[in-house]
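Novice: The structure follows.
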There are 4 protein chains.
Amino acid sequence: MEKIFKKVVLAYSGGLDTSIIIAWLKETYGCEVVAVAANVGQKDELDGLEAKALATGASQYIELDLKKEFVEDFIFPAVKANAVYEGKYLLGTSLARPIIGKKLVEVAKEVGADAICHGCTGKGNDQVRFELAIKAFAPDMPIIAPWRVWDIKSRDDEIDYAEARNIPLKINRETNYSKDKNLWHLSHEGLDLEDPANEPKYDEILELGVSPEQAPDKPTYIEITFEKGIPVALNGEKMDGVALIEALNKVGGANGIGIIDMVENRLVGMKSRGVYETPGGTILYKAHADLEEITIDKYTQHFKQKIALELADILYNGYWYSPLTEALNAFVDKTQENVNGTVKLKLYKGNIIGAGMTSDSTLYSEQTASFGEDEDYNQADSAGFINLYGLPIKMIAQAKAKKA
Amino acid sequence: MEKIFKKVVLAYSGGLDTSIIIAWLKETYGCEVVAVAANVGQKDELDGLEAKALATGASQYIELDLKKEFVEDFIFPAVKANAVYEGKYLLGTSLARPIIGKKLVEVAKEVGADAICHGCTGKGNDQVRFELAIKAFAPDMPIIAPWRVWDIKSRDDEIDYAEARNIPLKINRETNYSKDKNLWHLSHEGLDLEDPANEPKYDEILELGVSPEQAPDKPTYIEITFEKGIPVALNGEKMDGVALIEALNKVGGANGIGIIDMVENRLVGMKSRGVYETPGGTILYKAHADLEEITIDKYTQHFKQKIALELADILYNGYWYSPLTEALNAFVDKTQENVNGTVKLKLYKGNIIGAGMTSDSTLYSEQTASFGEDEDYNQADSAGFINLYGLPIKMIAQAKAKKA
Amino acid sequence: MEKIFKKVVLAYSGGLDTSIIIAWLKETYGCEVVAVAANVGQKDELDGLEAKALATGASQYIELDLKKEFVEDFIFPAVKANAVYEGKYLLGTSLARPIIGKKLVEVAKEVGADAICHGCTGKGNDQVRFELAIKAFAPDMPIIAPWRVWDIKSRDDEIDYAEARNIPLKINRETNYSKDKNLWHLSHEGLDLEDPANEPKYDEILELGVSPEQAPDKPTYIEITFEKGIPVALNGEKMDGVALIEALNKVGGANGIGIIDMVENRLVGMKSRGVYETPGGTILYKAHADLEEITIDKYTQHFKQKIALELADILYNGYWYSPLTEALNAFVDKTQENVNGTVKLKLYKGNIIGAGMTSDSTLYSEQTASFGEDEDYNQADSAGFINLYGLPIKMIAQAKAKKA
Amino acid sequence: MEKIFKKVVLAYSGGLDTSIIIAWLKETYGCEVVAVAANVGQKDELDGLEAKALATGASQYIELDLKKEFVEDFIFPAVKANAVYEGKYLLGTSLARPIIGKKLVEVAKEVGADAICHGCTGKGNDQVRFELAIKAFAPDMPIIAPWRVWDIKSRDDEIDYAEARNIPLKINRETNYSKDKNLWHLSHEGLDLEDPANEPKYDEILELGVSPEQAPDKPTYIEITFEKGIPVALNGEKMDGVALIEALNKVGGANGIGIIDMVENRLVGMKSRGVYETPGGTILYKAHADLEEITIDKYTQHFKQKIALELADILYNGYWYSPLTEALNAFVDKTQENVNGTVKLKLYKGNIIGAGMTSDSTLYSEQTASFGEDEDYNQADSAGFINLYGLPIKMIAQAKAKKA
């Protein structure tokens, strides 16, 4: 190892990987390790982390509550944009990584660390997302990614490593799906999911809710109210973003909603398969997109679809802290000024069914939409419209006829 | 009326509108009327049409079976492209109009007609779709659109008109949703749906299937096989497109699938609300898009999303017979050469749940996707990738630091 | 005529068309006519307009100086976006129409007019641009477009009409190119230009400058300084937008710069041919785009190209006063925060040749760009980058090999 | 070095770099070196290469004439698409790399080589372009890129290395711009160009032609004829692509045309500055784009602009041998079916000035474009068009008014 560090900030989850890494960092660099746990809503996964970190060798444990910032600065922009990666993925993990990366830099500067370490595999997207966020705030900060450099190649190697050093871990050699959990979602990868031919064993996999089959036979109606594209109330009750998403996760999960199975294209070049649970998020996206139907005009709606594709790529690829993100968000925010209203939804065994919506700023006109006559629309105008709209087609047909 | 026509071809459905129009055309222009019914899969709506047409004054009745052409030349290109209008609408009506318009021109030329007439309202998209198709094949053919010119303004006016002329119709003054039916879908508009605040009365509306609540408690598994992006077999049984869609409509409808409620932006400028039933189509889109996940590479998949948006607009707007459509389809066809394989789906109470897929031409590599080491991927490569991919972010951060 | 108006506001240019229209409006509607001339930089075309308007029957003449607003609210947003229609047209006329339409509404409200009239032909884009701007601020205001309704069909008809009514005009029956002039450009259409096979007779056409052949044999160097994408100084001298564009027009025109010959697609469906002179604008676009090369990062630059295409269409089509314009401008403005610096250009016989540029906020790093080693870039990283970037290609090749 | 190769195919140019590499490969791997020179139109740079290669240690020299394939399979697709990178770069180097990469694989297979080597720097795009092409045809072929691995870091290091081994080279320690030459262009990078503030010393740099100042005072007229978007004749004389481009280079260079100065974003993350000479290419792009104005309809033209942006990125990034390229080209080819005709151009001191064009398949209609009445266009239709086209704007205005 060429470089020697004195103090390293580690993105710490308390799992096997980051526990081993504490030991490995100290052994490899002779450094002190500051374990930083970012609370982005993963709940009980945070229990007892401080004791664990210190017991396994960290010199300091710092826990950051990022839930509010995560929701307001990352999740809501994605909702406002309707950003979906490859038609399915609501970006659960992607959205949480940049903020953690940014906070790692802040901690590193505070504690005077000379490097930042993460436990991401060298095959995944998360290493990119972490590192780009770090580069955005500390372009010259050394980054340590043990999985890309050490000799440990498997879970068994990790356990051997831990046992050889008496690292106090409750571990077993059984494997499990690889998971990532936060307020917005829970992802599952690995094991039988690695063959796309396999139907996911949802009864074993699901944690945030149940499958449609196991959901209640009675539907649940809910109402979500938006102001400028941001959800502000559930069933008429004002609540902040964190509380609202938690409530939607509960009711969505109970009704079998928001389960995605997909093979996606990772940034680092390969296809990978995952199962994602995003119960509250799925409801929120649906409610928001429906409300846009009556509050945004056609041209904005259509171009916004292209903005959504771009923003989804940006988010997925970890390019969040960039001028393009800022510009895309400026576009989206402008479009949301009129996105106010309340959407009623029926949740039923995996379905989210629109049950009517209202808006004080609706652009829908019943009179104009209706079959009958109205003041704003003269049917005879259509003839002129069609003649001009179709003029290029007529010209092409005439040119063809002339040539033939 | 300035122009007088001798023989007019009428797009005939046998409903109140086109029945009245026969009389109105004869009265207005002193012309002969050839009623043309296009069979695009609307089934029993075609029963007894010939007798009806002749009884209400048509000089000739021609029925065209367009189902095969409709499926192969319109529906399948839309499926291959994953073309969806405004995120929801599978283009059921849009896809059927151009082919009918084209065939009306063919008939007009055969029977020596000097004008073509359709019964579309002046407020809708269908008038545009019909007329652009007609212009593409007969750029100088006069087109008559009675709703844009006559004095009849309502259903009651129509009935009065019919009774005054003893037009033999079984009619009543009760109104109903405005519908359009073909092999691919059934649409519903009007009445209580005109207020977006109203929850649709699905139990009264649905005809092609049942609501999720009324669907069976047991799931149904199906398998669809694709060759070059085209569905060729259901549950291992080879079948042609028409039969396959009919079968999917049946199983999809029975399982409460493919019900869409949306407020859309019409081409002619207003927003309008519709409920669409597309049971088979919804399944087909889902199966096809899933299969693309393992058979199309990332860059093609991502750009194809933009092509899909464009093609959906083109289709919705009736611009089918145009050089842009041809070019977009050429793009899409090229992307489908590798889209071969079988997709297994579980249908359950409105849900279509992926249950595994296989392809001889898969681009998915379990070895590469897996957490462990493999031959094709060296995790250490990620460090270089991230450094270069993140270089612009680093440069921006450094430039900011230098300025500050 | 169904409607009778009491007072009509007319967009007045003093040409033959709008002179005749004053008489026609009074005769047709029995109304009073308020002639409004908008000064958007057309200079001597405004001389004597008041006397002319009153002499030909207007009850009131109002002249509005819109130059500053035109530059700051229309031209600069187009420059910042690099908006070019169909690869050539710098939107000279398109940019001026919306602001005039908006001001006509303001005047109409002030003077209590009950209709607005313009003299645009029914075949052009300007009628659309005027009327959409009017609709945006007075959605129910009646609009009168004489060319779409009256019996006058040619210049000779107009002169006959004027002579029959003793309208005092210095007119002759010779025709001329159809022109539109403002601070940003001068357009020429009609006559021999209507056949795309004809080479434009530049020596007869050009008014804002000379052809490259006639330009001086010595080059002229200039320097333009930008702040946040807006030009603020010429050759080191601070000046406001109007003065800066006037100065660039002068030096650009003298050097044979900014002459465009194109066949464009009008919004109303046909192709039309025009010659445009935009000397200052062409220089400004070039200088701005060059400066962006060193002050905007790659991803923003690339996506901004798509925004430019959209904004150009929006502007050309007269959709300026719309939520989409606001959102696109919000995107663009965000991208301009770092576009500061000075661009040196050599003007020589139609050429604008970059002669070096500097920026305090440059993202260009000579060290990194250079062939040699540097601190920020490790050439060995490229191997990893290429392996991951090329992984999809490798997977496709392997899949093909396996199938073969 | 872990791997030992027996026979390595080297992309050989005869310059200092690849001469040194022959020795380095033999020394490092103990392998035989097959020097492959690809003739893509670099002319006298190929003189004496065989002798030089053998003298400096190659066991075999193979020269491939790729000019025809380069033009027909790479240059013409780029012309048809109007593909321009970042608004300026006509992709001169980008277009030549894939075909060379592909041919290296073919040679490697023929001669039984077990690795391919190129002399590209680790900071540039060309390494990526070569390697992706190689991966597309030989996904598992080892690739050697000495600049990323050896200890030589500068031109002086190279000369020292050569002298120490008595490699017979006519070399001097003076440096020069880094160049790449082929039939389509000549690029210049490095030295004083590395500071964007410097005005390029065109009189020292230019090789394919002269600067506008030095060009003749008399213009030269030329005519280019296209069939399906491909140039087939110059001044009425049929000629193949290679001859046509050579002729255009000559006349273009003589008239000071096609000189580009830009700071571009490399794929590998940094900005770099280059001066490009593309005399013939610049003329060809202009002529082709002009002809499209009258032979392609509006909707196709507009969407094709987006296709061009995508294809330019693909080409620049070396992703040529990919399904997306095939699909984009399928789109473009379809659009070119009607692009037939002859474009006349005036070349004068750096300017390419349209001088009229004709096409048997023109979509331009003088009658419709003209101010006067015509058969195909009824001006009254505009009123209806505007009312429907502007309906969304009216609805927004009304909604605002209702809220206020």
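In the structure tokens, the first chain shown is A, the next is B, and so on; residue numbers restart at 1 for each chain, and ligands run from 1 in the order shown.
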Env of Lys304 in chain B: 8 Å cut, atoms = only C-alpha atoms, seq-sep filter 3 positions within chain, self excluded. Answer as a compact mmCIF listing (two decimals) with N, CA, C and O atoms, in the first residue's frame.

Specialist:
# COMPACT_ATOMS: atom_id res chain seq x y z
N ALA B 81 -42.64 -0.98 -30.33
CA ALA B 81 -42.09 0.30 -29.89
C ALA B 81 -42.39 0.60 -28.43
O ALA B 81 -41.81 1.50 -27.84
N THR B 300 -29.48 1.11 -26.51
CA THR B 300 -30.64 0.99 -27.39
C THR B 300 -31.94 1.13 -26.59
O THR B 300 -32.85 1.85 -27.00
N GLN B 301 -31.99 0.46 -25.45
CA GLN B 301 -33.18 0.54 -24.60
C GLN B 301 -33.50 1.99 -24.23
O GLN B 301 -34.63 2.43 -24.30
N ILE B 307 -37.86 7.24 -28.76
CA ILE B 307 -38.57 6.86 -29.99
C ILE B 307 -40.02 6.52 -29.67
O ILE B 307 -40.94 6.88 -30.41
N ALA B 308 -40.23 5.84 -28.55
CA ALA B 308 -41.59 5.43 -28.17
C ALA B 308 -42.46 6.66 -27.91
O ALA B 308 -43.64 6.69 -28.31
N VAL B 332 -37.27 0.96 -34.95
CA VAL B 332 -37.79 -0.04 -34.00
C VAL B 332 -37.55 -1.45 -34.52
O VAL B 332 -37.10 -2.33 -33.78

Novice: Show me, as a ChimeraX atom specification, the residues of chain B whose atoms get within 8 Å of chain C, using only C-alpha atoms for the distance check.

Specialist: /B:297-298,360-365,377,380-389,392,395-396,399-400,403

Novice: Between CA of Leu132 in chain A and CA of Lys88 in chain A, what is the distance, to one decimal in Å?

Specialist: 24.1 Å

Novice: Which residues in range 204-353 of chain D does DSSP call alpha helix (DSSP H)? List them as a VMD selection string.

Specialist: chain D and resid 204 to 205 241 to 254 279 to 295 298 to 316 323 to 335

Novice: Which is closest to Phe130 in chain D among D:Ala35, D:Ile75, D:Leu311, D:Leu10, if we use only C-alpha atoms?

Specialist: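 Checking each candidate against Phe130 in chain D, we get D:Leu10 as the closest.
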
Novice: As a PyMOL selection string, please: the residues near range 256-265 of chain B (cut-off 8 Å, only C-alpha atoms, same-chain neighbours under 6 positions excluded).

Specialist: (chain A and resi 290+293-294+297-298+354) or (chain B and resi 86+88-89+196+200+209-215+271-283+347-352)

Novice: Store the residues of this selection in a file with N, CA and C atoms, as a CSV table (one decimal), in the first residue's frame.

Specialist:
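Saved as selection_36.csv:
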chain,number,residue,atom,x,y,z
A,290,ASP,N,-51.3,11.6,-12.0
A,290,ASP,CA,-52.7,11.8,-12.3
A,290,ASP,C,-53.1,13.3,-12.1
A,293,GLU,N,-52.3,15.5,-14.9
A,293,GLU,CA,-53.2,15.4,-16.1
A,293,GLU,C,-54.1,16.6,-16.2
A,294,ILE,N,-54.6,17.1,-15.1
A,294,ILE,CA,-55.6,18.2,-15.2
A,294,ILE,C,-54.9,19.5,-14.8
A,297,ASP,N,-50.5,21.8,-18.9
A,297,ASP,CA,-50.9,21.8,-20.3
A,297,ASP,C,-50.2,20.7,-21.1
A,298,LYS,N,-50.7,20.4,-22.2
A,298,LYS,CA,-50.2,19.4,-23.1
A,298,LYS,C,-48.7,19.5,-23.4
A,354,GLY,N,-57.5,5.0,-9.7
A,354,GLY,CA,-58.0,6.4,-9.5
A,354,GLY,C,-59.5,6.5,-9.2
B,86,GLU,N,-49.0,9.6,-23.3
B,86,GLU,CA,-49.2,10.2,-22.0
B,86,GLU,C,-49.1,9.2,-20.9
B,88,LYS,N,-50.2,6.3,-20.4
B,88,LYS,CA,-51.3,5.4,-20.0
B,88,LYS,C,-52.0,4.8,-21.2
B,89,TYR,N,-52.2,5.6,-22.3
B,89,TYR,CA,-53.2,5.1,-23.3
B,89,TYR,C,-52.5,4.3,-24.3
B,196,PRO,N,-63.8,14.9,-13.8
B,196,PRO,CA,-62.7,14.1,-13.3
B,196,PRO,C,-62.8,13.8,-11.8
B,200,PRO,N,-65.1,6.4,-11.6
B,200,PRO,CA,-65.9,5.7,-12.7
B,200,PRO,C,-66.7,4.5,-12.1
B,209,GLY,N,-64.3,-7.2,-19.7
B,209,GLY,CA,-63.9,-8.0,-18.6
B,209,GLY,C,-64.5,-7.5,-17.3
B,210,VAL,N,-63.9,-7.9,-16.2
B,210,VAL,CA,-64.5,-7.5,-14.9
B,210,VAL,C,-63.5,-6.6,-14.2
B,211,SER,N,-63.9,-6.1,-13.1
B,211,SER,CA,-63.0,-5.3,-12.3
B,211,SER,C,-62.2,-6.2,-11.4
B,212,PRO,N,-61.1,-5.7,-10.9
B,212,PRO,CA,-60.2,-6.6,-10.1
B,212,PRO,C,-61.0,-7.2,-8.9
B,213,GLU,N,-61.9,-6.5,-8.3
B,213,GLU,CA,-62.7,-7.1,-7.2
B,213,GLU,C,-63.5,-8.3,-7.7
B,214,GLN,N,-64.0,-8.3,-8.9
B,214,GLN,CA,-64.8,-9.4,-9.3
B,214,GLN,C,-64.0,-10.5,-10.0
B,215,ALA,N,-62.7,-10.3,-10.1
B,215,ALA,CA,-61.9,-11.3,-10.7
B,215,ALA,C,-61.7,-12.5,-9.8
B,271,LYS,N,-58.5,19.0,-23.0
B,271,LYS,CA,-58.3,17.8,-22.2
B,271,LYS,C,-59.7,17.1,-22.2
B,272,SER,N,-59.6,15.8,-22.2
B,272,SER,CA,-60.8,15.0,-22.2
B,272,SER,C,-60.6,13.7,-21.3
B,273,ARG,N,-61.6,13.2,-20.7
B,273,ARG,CA,-61.4,12.1,-19.8
B,273,ARG,C,-62.1,10.8,-20.4
B,274,GLY,N,-61.3,9.7,-20.3
B,274,GLY,CA,-61.8,8.5,-20.9
B,274,GLY,C,-61.5,7.3,-20.0
B,275,VAL,N,-62.3,6.3,-20.1
B,275,VAL,CA,-61.9,5.0,-19.5
B,275,VAL,C,-61.7,4.0,-20.6
B,276,TYR,N,-60.6,3.3,-20.5
B,276,TYR,CA,-60.2,2.4,-21.6
B,276,TYR,C,-60.1,1.0,-21.1
B,277,GLU,N,-60.6,0.0,-21.8
B,277,GLU,CA,-60.4,-1.4,-21.5
B,277,GLU,C,-59.4,-2.0,-22.6
B,278,THR,N,-58.3,-2.4,-22.2
B,278,THR,CA,-57.3,-3.0,-23.1
B,278,THR,C,-56.7,-4.2,-22.5
B,279,PRO,N,-57.5,-5.2,-22.2
B,279,PRO,CA,-57.0,-6.4,-21.4
B,279,PRO,C,-55.8,-7.1,-22.0
B,280,GLY,N,-56.0,-7.5,-23.3
B,280,GLY,CA,-54.9,-8.3,-24.0
B,280,GLY,C,-53.7,-7.4,-24.3
B,281,GLY,N,-54.0,-6.2,-24.7
B,281,GLY,CA,-53.0,-5.2,-25.0
B,281,GLY,C,-52.1,-4.9,-23.8
B,282,THR,N,-52.7,-4.7,-22.7
B,282,THR,CA,-51.9,-4.4,-21.5
B,282,THR,C,-50.9,-5.6,-21.2
B,283,ILE,N,-51.4,-6.8,-21.3
B,283,ILE,CA,-50.5,-8.0,-21.1
B,283,ILE,C,-49.4,-8.0,-22.1
B,347,LEU,N,-51.4,-13.7,-13.8
B,347,LEU,CA,-52.5,-12.7,-13.8
B,347,LEU,C,-53.3,-12.9,-12.6
B,348,TYR,N,-53.5,-11.8,-11.9
B,348,TYR,CA,-54.3,-11.9,-10.6
B,348,TYR,C,-55.0,-10.6,-10.2
B,349,LYS,N,-56.3,-10.6,-10.4
B,349,LYS,CA,-57.0,-9.5,-9.9
B,349,LYS,C,-56.4,-8.1,-10.3
B,350,GLY,N,-56.3,-7.9,-11.5
B,350,GLY,CA,-55.8,-6.6,-12.0
B,350,GLY,C,-54.3,-6.5,-12.1
B,351,ASN,N,-53.6,-7.5,-11.5
B,351,ASN,CA,-52.1,-7.4,-11.6
B,351,ASN,C,-51.6,-8.3,-12.7
B,352,ILE,N,-50.5,-7.9,-13.3
B,352,ILE,CA,-49.7,-8.7,-14.2
B,352,ILE,C,-48.3,-8.8,-13.6

Novice: Show which residues sit within 7 Å of Gly190 in chain D, as a PyMOL selection string. Count only C-alpha atoms, and ignore same-chain residues fewer than 3 positions away.

Specialist: (chain C and resi 370) or (chain D and resi 177-178+193-194)
